[in-house]
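Source file: work08.cif; contents: mmCIF, C-alpha atoms.
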```cif
data_entry
#
loop_
_atom_site.group_PDB
_atom_site.id
_atom_site.type_symbol
_atom_site.label_atom_id
_atom_site.label_comp_id
_atom_site.auth_asym_id
_atom_site.auth_seq_id
_atom_site.Cartn_x
_atom_site.Cartn_y
_atom_site.Cartn_z
ATOM 1 C CA MET A 1201 102.448 98.157 103.305
ATOM 2 C CA ILE A 1202 101.475 100.722 100.715
ATOM 3 C CA ASP A 1203 97.890 101.185 99.585
ATOM 4 C CA PHE A 1204 97.116 102.935 96.296
ATOM 5 C CA SER A 1205 93.438 103.829 96.298
ATOM 6 C CA ASP A 1206 90.922 106.129 94.692
ATOM 7 C CA PHE A 1207 88.143 107.566 96.835
ATOM 8 C CA GLY A 1208 85.650 106.761 94.114
ATOM 9 C CA CYS A 1209 86.554 103.089 93.985
ATOM 10 C CA PRO A 1210 84.064 100.921 95.893
ATOM 11 C CA TYR A 1211 86.591 98.179 96.584
ATOM 12 C CA CYS A 1212 88.979 100.732 98.013
ATOM 13 C CA GLY A 1213 86.254 101.791 100.400
ATOM 14 C CA GLN A 1214 85.520 98.209 101.279
ATOM 15 C CA PHE A 1215 89.154 97.608 102.135
ATOM 16 C CA SER A 1216 89.555 100.799 104.138
ATOM 17 C CA LEU A 1217 86.354 100.473 106.104
ATOM 18 C CA GLU A 1218 86.564 96.753 106.791
ATOM 19 C CA THR A 1219 89.795 94.865 106.141
ATOM 20 C CA TYR A 1220 92.203 97.645 106.988
ATOM 21 C CA ARG A 1221 90.697 98.142 110.422
ATOM 22 C CA VAL A 1222 91.642 94.618 111.384
ATOM 23 C CA ILE A 1223 95.081 94.953 109.813
ATOM 24 C CA GLU A 1224 95.602 98.148 111.747
ATOM 25 C CA ARG A 1225 94.612 96.503 115.003
ATOM 26 C CA GLU A 1226 96.669 93.373 114.497
ATOM 27 C CA TYR A 1227 99.748 94.627 112.701
ATOM 28 C CA VAL A 1228 100.017 98.401 112.654
ATOM 29 C CA ARG A 1229 98.941 99.049 116.220
ATOM 30 C CA THR A 1230 101.412 96.412 117.375
ATOM 31 C CA GLY A 1231 104.259 98.065 115.517
ATOM 32 C CA LYS A 1232 104.783 95.208 113.071
ATOM 33 C CA VAL A 1233 103.637 96.983 109.953
ATOM 34 C CA PHE A 1234 104.096 100.475 108.647
ATOM 35 C CA PHE A 1235 101.143 101.525 106.519
ATOM 36 C CA LYS A 1236 101.126 104.160 103.817
ATOM 37 C CA TYR A 1237 97.888 105.212 102.181
ATOM 38 C CA VAL A 1238 98.326 106.899 98.807
ATOM 39 C CA PRO A 1239 95.126 108.476 97.490
ATOM 40 C CA PHE A 1240 95.396 109.043 93.768
ATOM 41 C CA ILE A 1241 92.978 109.697 90.935
ATOM 42 C CA VAL A 1242 92.216 106.947 88.481
ATOM 43 C CA GLY A 1243 89.911 109.162 86.466
ATOM 44 C CA MET A 1244 87.142 106.657 85.907
ATOM 45 C CA PHE A 1245 85.044 107.150 89.027
ATOM 46 C CA PRO A 1246 82.375 109.848 89.221
ATOM 47 C CA ASN A 1247 83.569 112.760 91.334
ATOM 48 C CA GLY A 1248 86.634 110.805 92.380
ATOM 49 C CA ASP A 1249 88.834 113.787 91.595
ATOM 50 C CA ARG A 1250 86.690 116.095 93.699
ATOM 51 C CA ALA A 1251 86.728 113.642 96.584
ATOM 52 C CA ALA A 1252 90.513 113.466 96.395
ATOM 53 C CA LEU A 1253 90.615 117.241 96.640
ATOM 54 C CA ALA A 1254 88.254 117.219 99.598
ATOM 55 C CA GLY A 1255 90.471 114.674 101.313
ATOM 56 C CA GLU A 1256 93.598 116.719 100.768
ATOM 57 C CA CYS A 1257 91.890 119.945 101.839
ATOM 58 C CA ALA A 1258 91.006 118.182 105.075
ATOM 59 C CA GLY A 1259 94.600 116.991 105.211
ATOM 60 C CA ASP A 1260 95.734 120.604 105.061
ATOM 61 C CA GLN A 1261 93.943 121.027 108.376
ATOM 62 C CA GLY A 1262 95.344 117.822 109.838
ATOM 63 C CA GLN A 1263 92.105 115.901 109.441
ATOM 64 C CA PHE A 1264 92.802 113.656 106.513
ATOM 65 C CA TRP A 1265 91.929 110.350 108.191
ATOM 66 C CA PRO A 1266 88.534 111.373 109.553
ATOM 67 C CA MET A 1267 87.674 112.800 106.149
ATOM 68 C CA GLN A 1268 88.895 109.650 104.428
ATOM 69 C CA ALA A 1269 86.548 107.557 106.537
ATOM 70 C CA ARG A 1270 83.646 109.868 105.763
ATOM 71 C CA LEU A 1271 84.366 109.957 102.059
ATOM 72 C CA TYR A 1272 84.289 106.198 101.864
ATOM 73 C CA ALA A 1273 81.277 105.868 104.124
ATOM 74 C CA ARG A 1274 79.315 108.305 101.974
ATOM 75 C CA GLN A 1275 80.799 107.294 98.668
ATOM 76 C CA ALA A 1276 77.506 106.174 97.140
ATOM 77 C CA GLU A 1277 75.994 109.544 97.959
ATOM 78 C CA TRP A 1278 78.614 111.853 96.489
ATOM 79 C CA ARG A 1279 79.377 109.637 93.523
ATOM 80 C CA LYS A 1280 75.949 110.274 92.085
ATOM 81 C CA ALA A 1281 75.805 113.955 92.972
ATOM 82 C CA SER A 1282 75.918 116.419 90.110
ATOM 83 C CA ASP A 1283 77.948 118.732 92.318
ATOM 84 C CA PRO A 1284 79.332 117.028 95.412
ATOM 85 C CA ALA A 1285 80.832 120.206 96.878
ATOM 86 C CA ALA A 1286 77.975 120.715 99.322
ATOM 87 C CA LEU A 1287 78.332 117.152 100.612
ATOM 88 C CA PHE A 1288 82.071 117.533 101.110
ATOM 89 C CA LYS A 1289 81.633 120.861 102.848
ATOM 90 C CA ALA A 1290 79.009 119.358 105.109
ATOM 91 C CA SER A 1291 81.453 116.601 106.052
ATOM 92 C CA ALA A 1292 84.149 119.181 106.696
ATOM 93 C CA SER A 1293 81.790 121.082 108.923
ATOM 94 C CA GLU A 1294 80.852 117.945 110.854
ATOM 95 C CA LEU A 1295 84.527 117.265 111.414
ATOM 96 C CA GLY A 1296 84.975 120.722 112.821
ATOM 97 C CA LEU A 1297 87.213 121.961 110.035
ATOM 98 C CA ASP A 1298 87.604 125.620 109.317
ATOM 99 C CA ALA A 1299 84.884 126.083 106.724
ATOM 100 C CA THR A 1300 86.452 129.114 105.092
ATOM 101 C CA SER A 1301 89.833 127.474 104.647
ATOM 102 C CA PHE A 1302 88.282 124.277 103.404
ATOM 103 C CA SER A 1303 86.105 126.070 100.879
ATOM 104 C CA ALA A 1304 89.019 128.175 99.703
ATOM 105 C CA CYS A 1305 91.185 125.091 99.275
ATOM 106 C CA TYR A 1306 88.426 123.265 97.456
ATOM 107 C CA ALA A 1307 87.699 126.164 95.138
ATOM 108 C CA ARG A 1308 91.277 127.224 94.538
ATOM 109 C CA GLN A 1309 92.643 124.207 92.769
ATOM 110 C CA LYS A 1310 91.619 121.439 90.476
ATOM 111 C CA VAL A 1311 94.159 118.916 91.676
ATOM 112 C CA HIS A 1312 95.961 119.232 94.971
ATOM 113 C CA PRO A 1313 99.766 119.122 94.714
ATOM 114 C CA ARG A 1314 99.848 116.051 96.958
ATOM 115 C CA THR A 1315 97.445 114.286 94.630
ATOM 116 C CA GLN A 1316 99.596 115.226 91.664
ATOM 117 C CA ARG A 1317 102.557 113.630 93.360
ATOM 118 C CA ALA A 1318 100.515 110.536 94.229
ATOM 119 C CA ASN A 1319 99.362 110.270 90.615
ATOM 120 C CA GLN A 1320 102.966 110.464 89.445
ATOM 121 C CA VAL A 1321 104.029 107.712 91.801
ATOM 122 C CA ALA A 1322 101.106 105.475 90.860
ATOM 123 C CA SER A 1323 101.887 106.013 87.209
ATOM 124 C CA THR A 1324 105.579 105.327 87.683
ATOM 125 C CA ILE A 1325 104.878 102.095 89.489
ATOM 126 C CA GLY A 1326 102.285 101.101 86.932
ATOM 127 C CA VAL A 1327 99.225 100.847 89.133
ATOM 128 C CA ARG A 1328 96.395 99.579 86.961
ATOM 129 C CA VAL A 1329 94.094 98.144 89.579
ATOM 130 C CA THR A 1330 92.421 99.796 92.532
ATOM 131 C CA PRO A 1331 93.078 99.156 95.246
ATOM 132 C CA SER A 1332 96.671 98.081 94.692
ATOM 133 C CA PHE A 1333 99.099 97.273 97.446
ATOM 134 C CA VAL A 1334 102.773 96.722 97.881
ATOM 135 C CA VAL A 1335 103.651 94.630 100.903
ATOM 136 C CA ASN A 1336 107.360 94.601 101.553
ATOM 137 C CA GLY A 1337 107.964 94.860 97.826
ATOM 138 C CA ARG A 1338 105.368 92.281 96.897
ATOM 139 C CA PRO A 1339 102.497 93.521 94.766
ATOM 140 C CA VAL A 1340 98.973 92.641 95.767
ATOM 141 C CA GLN A 1341 95.951 93.557 93.711
ATOM 142 C CA GLY A 1342 92.462 94.070 94.941
ATOM 143 C CA ALA A 1343 90.607 94.187 98.217
ATOM 144 C CA LEU A 1344 91.273 90.541 98.882
ATOM 145 C CA PRO A 1345 89.838 88.735 101.868
ATOM 146 C CA LEU A 1346 91.477 89.445 105.190
ATOM 147 C CA ALA A 1347 92.912 85.922 105.328
ATOM 148 C CA ASP A 1348 94.859 86.583 102.132
ATOM 149 C CA PHE A 1349 96.294 89.793 103.512
ATOM 150 C CA ARG A 1350 97.217 88.029 106.712
ATOM 151 C CA ARG A 1351 99.123 85.428 104.699
ATOM 152 C CA VAL A 1352 100.999 88.037 102.697
ATOM 153 C CA ILE A 1353 101.827 90.097 105.759
ATOM 154 C CA GLU A 1354 102.928 87.097 107.806
ATOM 155 C CA ALA A 1355 105.165 85.973 104.955
ATOM 156 C CA ALA A 1356 106.666 89.435 104.747
ATOM 157 C CA LEU A 1357 107.266 89.530 108.472
ATOM 158 C CA LEU A 1358 109.014 86.156 108.308
ATOM 159 C CA LEU A 1359 111.238 87.465 105.525
ATOM 160 C CA VAL A 1360 112.091 90.585 107.475
ATOM 161 C CA GLU A 1361 112.832 88.504 110.562
ATOM 162 C CA ALA A 1362 115.052 86.131 108.586
ATOM 163 C CA ARG A 1363 117.094 89.032 107.262
ATOM 164 C CA ARG A 1364 117.877 90.296 110.733
ATOM 165 C CA MET B 669 72.741 38.463 66.720
ATOM 166 C CA PRO B 670 74.229 41.717 65.500
ATOM 167 C CA PHE B 671 75.540 44.142 68.110
ATOM 168 C CA ARG B 672 73.217 47.082 68.486
ATOM 169 C CA ILE B 673 73.321 50.040 70.752
ATOM 170 C CA SER B 674 70.019 50.754 72.249
ATOM 171 C CA PRO B 675 68.875 54.315 71.557
ATOM 172 C CA LEU B 676 68.068 54.633 75.232
ATOM 173 C CA PHE B 677 71.621 53.632 76.222
ATOM 174 C CA ALA B 678 73.095 56.030 73.678
ATOM 175 C CA ALA B 679 71.008 58.857 75.040
ATOM 176 C CA ALA B 680 72.095 58.019 78.577
ATOM 177 C CA CYS B 681 75.763 58.050 77.506
ATOM 178 C CA LEU B 682 75.343 61.442 75.893
ATOM 179 C CA LEU B 683 73.765 62.788 79.012
ATOM 180 C CA VAL B 684 76.572 61.449 81.177
ATOM 181 C CA ALA B 685 79.206 62.878 78.833
ATOM 182 C CA ALA B 686 77.502 66.230 78.821
ATOM 183 C CA GLY B 687 77.341 66.153 82.593
ATOM 184 C CA CYS B 688 81.053 65.389 82.874
ATOM 185 C CA SER B 689 81.891 68.169 80.469
ATOM 186 C CA ALA B 690 79.791 70.596 82.444
ATOM 187 C CA ALA B 691 81.440 69.450 85.635
ATOM 188 C CA ASP B 692 84.844 70.016 84.070
ATOM 189 C CA ASP B 693 83.801 73.472 83.037
ATOM 190 C CA ARG B 694 82.648 74.236 86.534
ATOM 191 C CA ALA B 695 85.866 72.894 88.008
ATOM 192 C CA GLY B 696 87.868 74.938 85.556
ATOM 193 C CA THR B 697 85.957 78.043 86.408
ATOM 194 C CA ALA B 698 86.377 77.453 90.084
ATOM 195 C CA SER B 699 90.070 76.897 89.573
ATOM 196 C CA ALA B 700 90.363 80.047 87.575
ATOM 197 C CA ARG B 701 88.536 81.958 90.266
ATOM 198 C CA SER B 702 90.797 80.489 92.865
ATOM 199 C CA ASP B 703 93.851 81.509 90.873
ATOM 200 C CA THR B 704 92.448 84.956 90.369
ATOM 201 C CA ALA B 705 91.927 85.368 94.055
ATOM 202 C CA ARG B 706 95.522 84.607 94.848
ATOM 203 C CA PRO B 707 97.115 87.586 96.475
ATOM 204 C CA VAL B 708 100.165 87.794 94.277
ATOM 205 C CA ALA B 709 99.602 89.913 91.256
ATOM 206 C CA ARG B 710 100.366 88.366 87.929
ATOM 207 C CA PRO B 711 99.845 89.754 84.482
ATOM 208 C CA ASP B 712 96.823 87.520 84.001
ATOM 209 C CA ALA B 713 95.395 87.948 87.448
ATOM 210 C CA ARG B 714 93.070 90.857 87.874
ATOM 211 C CA ALA B 715 91.241 89.879 91.037
ATOM 212 C CA ASP B 716 88.026 90.629 89.236
ATOM 213 C CA THR B 717 85.822 90.300 92.221
ATOM 214 C CA HIS B 718 87.869 92.515 94.468
ATOM 215 C CA ALA B 719 89.174 95.331 92.392
ATOM 216 C CA THR B 720 88.576 97.783 89.657
ATOM 217 C CA VAL B 721 90.880 97.371 86.716
ATOM 218 C CA ILE B 722 91.955 100.565 85.074
ATOM 219 C CA PRO B 723 91.527 100.366 81.311
ATOM 220 C CA ALA B 724 94.985 100.288 79.857
ATOM 221 C CA GLN B 725 96.080 102.561 77.073
ATOM 222 C CA GLN B 726 98.957 100.189 76.682
ATOM 223 C CA PRO B 727 99.749 97.006 78.535
ATOM 224 C CA VAL B 728 101.617 97.703 81.693
ATOM 225 C CA ALA B 729 102.336 94.914 84.101
ATOM 226 C CA ALA B 730 100.871 95.906 87.413
ATOM 227 C CA HIS B 731 103.601 94.007 89.171
ATOM 228 C CA THR B 732 106.361 95.963 87.545
ATOM 229 C CA LEU B 733 108.056 97.751 90.331
ATOM 230 C CA PRO B 734 111.294 99.603 90.185
ATOM 231 C CA GLY B 735 114.005 97.188 91.089
ATOM 232 C CA GLY B 736 111.849 94.082 90.855
ATOM 233 C CA ALA B 737 110.379 91.965 93.599
ATOM 234 C CA GLY B 738 111.359 92.479 97.159
ATOM 235 C CA VAL B 739 112.678 95.900 96.540
ATOM 236 C CA ALA B 740 110.523 97.831 98.923
ATOM 237 C CA SER B 741 112.456 99.069 101.811
ATOM 238 C CA ALA B 742 112.142 101.781 104.286
ATOM 239 C CA THR B 743 114.875 103.798 105.752
ATOM 240 C CA ALA B 744 114.742 106.217 108.555
ATOM 241 C CA SER B 745 116.923 108.324 110.644
ATOM 242 C CA ARG B 746 117.596 106.622 113.897
ATOM 243 C CA THR B 747 115.361 107.587 116.737
ATOM 244 C CA GLY B 748 116.629 108.318 120.184
ATOM 245 C CA THR B 749 116.493 104.646 121.109
ATOM 246 C CA GLY B 750 117.869 103.401 117.850
ATOM 247 C CA ASN B 751 114.989 101.001 117.433
ATOM 248 C CA VAL B 752 111.735 100.952 115.623
ATOM 249 C CA ALA B 753 109.481 103.007 117.762
ATOM 250 C CA PRO B 754 106.198 101.479 118.794
ATOM 251 C CA VAL B 755 103.152 103.040 117.310
ATOM 252 C CA LYS B 756 101.646 105.513 119.666
ATOM 253 C CA SER B 757 98.101 106.558 120.049
ATOM 254 C CA PRO B 758 96.475 108.161 118.205
ATOM 255 C CA LEU B 759 97.550 105.723 115.558
ATOM 256 C CA ARG B 760 96.413 107.676 112.632
ATOM 257 C CA ASP B 761 98.826 110.494 112.462
ATOM 258 C CA SER B 762 97.315 113.057 110.200
ATOM 259 C CA SER B 763 100.690 114.484 109.490
ATOM 260 C CA ARG B 764 103.001 113.446 106.731
ATOM 261 C CA ALA B 765 105.455 110.616 106.820
ATOM 262 C CA THR B 766 108.245 113.036 107.238
ATOM 263 C CA THR B 767 106.750 114.521 110.340
ATOM 264 C CA ALA B 768 105.363 111.419 112.041
ATOM 265 C CA ARG B 769 107.815 110.581 114.753
ATOM 266 C CA PRO B 770 107.762 109.226 118.267
ATOM 267 C CA GLU B 771 108.059 111.466 121.238
ATOM 268 C CA GLY B 772 111.557 112.584 121.958
ATOM 269 C CA ALA B 773 112.838 111.586 118.564
ATOM 270 C CA PRO B 774 115.100 113.996 116.751
ATOM 271 C CA ASP B 775 113.520 116.206 114.177
ATOM 272 C CA ALA B 776 114.731 114.218 111.217
ATOM 273 C CA PRO B 777 112.834 113.070 108.157
ATOM 274 C CA ARG B 778 112.098 109.414 107.686
ATOM 275 C CA ARG B 779 112.664 108.231 104.198
ATOM 276 C CA VAL B 780 110.383 105.638 102.700
ATOM 277 C CA MET B 781 111.758 103.995 99.590
ATOM 278 C CA LEU B 782 110.153 101.663 97.086
ATOM 279 C CA GLY B 783 113.095 100.452 95.118
ATOM 280 C CA ASN B 784 114.689 103.623 93.872
ATOM 281 C CA LEU B 785 111.487 105.562 94.226
ATOM 282 C CA ASP B 786 111.373 107.923 97.156
ATOM 283 C CA LEU B 787 107.906 107.862 98.660
ATOM 284 C CA THR B 788 108.748 110.188 101.491
ATOM 285 C CA GLY B 789 105.936 112.672 101.823
ATOM 286 C CA VAL B 790 103.683 110.785 99.439
ATOM 287 C CA GLY B 791 100.333 109.816 100.874
ATOM 288 C CA TYR B 792 99.506 109.423 104.531
ATOM 289 C CA ASP B 793 101.217 107.168 106.998
ATOM 290 C CA VAL B 794 100.162 105.115 109.947
ATOM 291 C CA GLY B 795 102.903 103.871 112.192
ATOM 292 C CA ILE B 796 106.574 104.519 111.969
ATOM 293 C CA PRO B 797 108.684 103.480 109.003
ATOM 294 C CA PRO B 798 111.065 100.729 110.068
ATOM 295 C CA LEU B 799 114.735 101.424 110.360
ATOM 296 C CA ARG B 800 117.092 99.832 107.935
ATOM 297 C CA SER B 801 119.482 97.742 109.955
#
```
Go ahead and express the file in the form of structure tokens.
Amino acid sequence: MIDFSDFGCPYCGQFSLETYRVIEREYVRTGKVFFKYVPFIVGMFPNGDRAALAGECAGDQGQFWPMQARLYARQAEWRKASDPAALFKASASELGLDATSFSACYARQKVHPRTQRANQVASTIGVRVTPSFVVNGRPVQGALPLADFRRVIEAALLLVEARR
Amino acid sequence: MPFRISPLFAAACLLVAAGCSAADDRAGTASARSDTARPVARPDARADTHATVIPAQQPVAAHTLPGGAGVASATASRTGTGNVAPVKSPLRDSSRATTARPEGAPDAPRRVMLGNLDLTGVGYDVGIPPLRS
């Protein structure tokens, strides 16, 4: 299951903070589903590009997931900030990241190389909706209700099982 | 006695007709919403209530994936057991797909393919990519 999301997208946050947690518990934790989260920049969300950089700078220190959760949880706050750097640095500090390295990473580049690659992939695939998912090759658009994801995942698991 | 339609009856008929039309509209809307909420992406389905649609410079079908439907597959070097390794705790491996591996597994990259597109190292992974049998 591949998730193409933008940190500035409210529905992406909704999926990550709510629906995904159940999917992780029921399918990923049990080894049934492999999940790939691809953060890319749509370019239409305020400070979405800066949030992506903050996420990747945390990723450089092995703390991408905690930062991802914080970015989504505080999305409303940093989206309306004129300069969200202080908010991101505060989150990095709370996560125990090396402040100097994080600041250097954040200041050094406009777009992190990993984000560039994610953007390329999203563009190649033709992602036009956030969040967008691919479940065993089947495209799914939007942060649909959990029941819908369960149906798609169960169908995919049946297909995989039938092919064995 | 000539047949005459009472103005009151005519008005009642109009009201009923209008009501039916409105009901049809509502049903149509509900149907459209239901279709929109279906999980499978279609060119005309944008899941308006669940997603943000990126304004298109040119129409690109969101469901266009390299190789068509059902093309996603994941390949991986075989682990020490030769099976898909169970996800270990902590689940959320902050490392890359290419470095997330179960204990004792050989130091080999796990390839994640979407059709012909190699997604190895793209994004962040949770769990272990399945082995291609």
Which residues match the PyMOL selection byres ((chain A) within 7 of (chain B)) in the file above, as an MDAnalysis selection string? chainID A and resid 1211 1228:1231 1234:1239 1259 1262:1265 1314 1317:1318 1325:1331 1336:1344 1348
Leaving out stretch 1294-1304 of chain A and any residue of its chain fewer than 2 positions from it, which residues lie within 12 Å of it when counting only C-alpha atoms, given as a PyMOL selection string? chain A and resi 1253-1271+1285-1292+1306-1310
Take the residues from that selection and put them in a file with C-alpha atoms, as a CSV table (one decimal), keeping the file's coordinate frame.
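Listing of again11.csv after writing:
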```
chain,number,residue,atom,x,y,z
A,1253,LEU,CA,90.6,117.2,96.6
A,1254,ALA,CA,88.3,117.2,99.6
A,1255,GLY,CA,90.5,114.7,101.3
A,1256,GLU,CA,93.6,116.7,100.8
A,1257,CYS,CA,91.9,119.9,101.8
A,1258,ALA,CA,91.0,118.2,105.1
A,1259,GLY,CA,94.6,117.0,105.2
A,1260,ASP,CA,95.7,120.6,105.1
A,1261,GLN,CA,93.9,121.0,108.4
A,1262,GLY,CA,95.3,117.8,109.8
A,1263,GLN,CA,92.1,115.9,109.4
A,1264,PHE,CA,92.8,113.7,106.5
A,1265,TRP,CA,91.9,110.4,108.2
A,1266,PRO,CA,88.5,111.4,109.6
A,1267,MET,CA,87.7,112.8,106.1
A,1268,GLN,CA,88.9,109.6,104.4
A,1269,ALA,CA,86.5,107.6,106.5
A,1270,ARG,CA,83.6,109.9,105.8
A,1271,LEU,CA,84.4,110.0,102.1
A,1285,ALA,CA,80.8,120.2,96.9
A,1286,ALA,CA,78.0,120.7,99.3
A,1287,LEU,CA,78.3,117.2,100.6
A,1288,PHE,CA,82.1,117.5,101.1
A,1289,LYS,CA,81.6,120.9,102.8
A,1290,ALA,CA,79.0,119.4,105.1
A,1291,SER,CA,81.5,116.6,106.1
A,1292,ALA,CA,84.1,119.2,106.7
A,1306,TYR,CA,88.4,123.3,97.5
A,1307,ALA,CA,87.7,126.2,95.1
A,1308,ARG,CA,91.3,127.2,94.5
A,1309,GLN,CA,92.6,124.2,92.8
A,1310,LYS,CA,91.6,121.4,90.5
```
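On the file presented, the PyMOL selection byres ((chain A and resi 1243) around 12) picks out Ser1205, Asp1206, Phe1207, Gly1208, Cys1209, Phe1240, Ile1241, Val1242, Met1244, Phe1245, Pro1246, Asn1247, Gly1248, Asp1249, Arg1250, Ala1251, Ala1252, Val1311, Asn1319, Arg1328 and Thr1330 of chain A; Thr720, Val721, Ile722 and Pro723 of chain B.
Interatomic distance, atom CA of A:Gln1214 against atom CA of B:Arg779: 29.1 Å.
The closest residue to A:Phe1215, picked from A:Met1201, A:Val1352, A:Leu1359, A:Leu1346 and counting all atoms listed in the file, is A:Leu1346.
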How big is the axis-aligned box around the listed atoms of stretch 1279-1289 of chain A once 3 Å is added on each side, and where is its centre? Give both in Å to one decimal, as lines of an AutoDock Vina configuration file.
```
center_x = 78.9
center_y = 115.2
center_z = 96.5
size_x = 12.3
size_y = 17.2
size_z = 18.7
```
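Atom CA of A:Tyr1227 to atom CA of A:Arg1351 spans 12.2 Å [interatomic distance, one decimal].
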Might you spell out which residues the PyMOL selection byres ((chain A and resi 1219) around 10) would select in the displayed file, as an NGL selection string? :A and (1213-1218 or 1220-1224 or 1343-1347 or 1349)
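Computed from the coordinates, the atom CA of A:Ser1293 to atom CA of A:Pro1313 distance equals 23.0 Å.
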